[in-house]
Amino acid sequence: MKVKEIENNLSKMLKKTRYEHVLRVRDKAIELAKLHNQDVKKIELAALLHDCAKNNEEMYLDKYNEEFKNLRKLRANNPDMENPKLLHCYLGRIVANKEYDVDDEEILDAIEFHTTGRINMTDFEKIIYLADKTEDKRDYDGVQEIRKLSKINLNKAIVKSLDDTIKYLIEGGREISIASVKVRNNLLKGV
Ligand SMILES: [Fe+2]
Ligand SMILES: [Fe+2]
């Protein structure tokens, strides 16, 4: 599917604020891809589609139930797949493939792991992860530091982002995804 067609579809499927976020993630991802020598055209597709299942989780879960079950098996029943906030990441992989004709594994992985990250992320995945967290309208304590780091060192930027998130979750008495602790420890080795 062509970029224009994808934009068109997404503008209909997503809430307006979500669609605008997606366009900002695209701009940020392209900026980072140029700095870190990644394929700009490919990163654009991954960025545009990273939230493609958002706002429609129930509908897609129903439509692609078989595919979701298969992915769940493939991911050894990863408990994150039960988390309603993360559902759009797993469904996003399936929807990007089925509805937007993407079969490039690197793009599909970047979509699936854009919120949690994972062990041994590629630079391509790291850029989508960071673009989502640092697009121009993101405004939270520490975002400027993560923005700055992401231009120089992708690993350091993600470690800082995870440190902040983990602190915030602890302070709020909320659950921490085991995956994000593992990702942090894994990236720390490469910092
Ligand atoms: Fe997302
Ligand atoms: Fe997003």
# chains A, B, ... in the order shown; residues from 1 in each chain; ligands from 1
$ residues_around --residues "Arg138 (chain A)" --least-positions-apart "2" --cutoff "12 Å" --atoms "only C-alpha atoms" --output "JSON, numbers by chain"
{"A": [20, 21, 22, 24, 25, 28, 130, 131, 132, 133, 134, 135, 136, 140, 141, 142, 143, 144, 146, 147]}
$ write_last_selection --atoms "C-alpha atoms" --output "compact mmCIF listing (two decimals), in the first residue's frame"
# COMPACT_ATOMS: atom_id res chain seq x y z
CA GLU A 20 -1.82 13.62 14.63
CA HIS A 21 0.46 11.80 17.08
CA VAL A 22 1.22 9.23 14.38
CA ARG A 24 4.58 13.48 14.53
CA VAL A 25 6.08 10.04 15.24
CA LYS A 28 10.68 12.13 14.49
CA LEU A 130 12.07 6.46 20.84
CA ALA A 131 10.16 8.39 18.16
CA ASP A 132 6.93 7.33 19.89
CA LYS A 133 8.20 8.60 23.24
CA THR A 134 9.83 11.82 22.06
CA GLU A 135 7.68 13.19 19.20
CA ASP A 136 7.44 16.98 19.37
CA TYR A 140 6.81 14.94 30.50
CA ASP A 141 9.66 15.26 32.98
CA GLY A 142 12.87 14.17 31.32
CA VAL A 143 11.64 14.14 27.72
CA GLN A 144 14.16 16.77 26.61
CA ILE A 146 15.75 11.58 26.14
CA ARG A 147 15.29 13.63 22.94
$ closest_atom_pairs --of "region 93-184 of chain A" --to "region 66-89 of chain A" --cutoff "9 Å" --atoms "only C-alpha atoms" --output "tab-separated table"
residue	atom	partner	partner_atom	distance
A:Arg93	CA	A:Cys89	CA	6.5
A:Ile94	CA	A:Glu67	CA	7.1
A:Ile111	CA	A:Cys89	CA	6.1
A:Glu112	CA	A:Cys89	CA	4.6
A:Phe113	CA	A:Cys89	CA	6.7
A:His114	CA	A:Cys89	CA	7.0
A:Thr115	CA	A:Cys89	CA	7.3
A:Thr116	CA	A:Leu86	CA	8.2
A:Ser177	CA	A:Asp80	CA	7.2
A:Ile178	CA	A:Asp80	CA	8.6
A:Ala179	CA	A:Asp80	CA	8.2
$ residues_around --residues "Glu145 (chain A)" --least-positions-apart "5" --cutoff "9 Å" --atoms "only C-alpha atoms" --output "ChimeraX atom specification"
/A:150,157,160
$ closest_residue --among "A:Tyr129, A:Tyr64, A:Tyr100, A:Phe124" --to "ligand 1" --atoms "only C-alpha atoms and all ligand atoms"
A:Tyr129
$ select_by_dssp --residues "region 91-169 of chain A" --states "alpha helix (DSSP H)" --output "VMD selection string"
chain A and resid 91 to 99 105 to 112 123 to 134 143 to 152 154 to 169
$ closest_residue --among "A:Lys137, A:Lys54, A:Lys151, A:Arg118" --to "Asn37 (chain A)" --atoms "only C-alpha atoms"
A:Lys151
$ closest_residue --among "A:Asn56, A:Asn97, A:Thr17, A:Asn186" --to "ligand 2" --atoms "only C-alpha atoms and all ligand atoms"
A:Thr17
$ closest_residue --among "A:Leu108, A:Leu61, A:Ile170, A:Ala46" --to "ligand 2" --atoms "only C-alpha atoms and all ligand atoms"
A:Ala46
$ atom_distance --atom1 "CA of Leu149 (chain A)" --atom2 "CA of Leu187 (chain A)"
14.0 Å
$ residues_around --residues "Glu5 (chain A)" --least-positions-apart "5" --cutoff "12 Å" --atoms "only C-alpha atoms" --output "PyMOL selection string"
chain A and resi 10-12+45+48-49+99-101
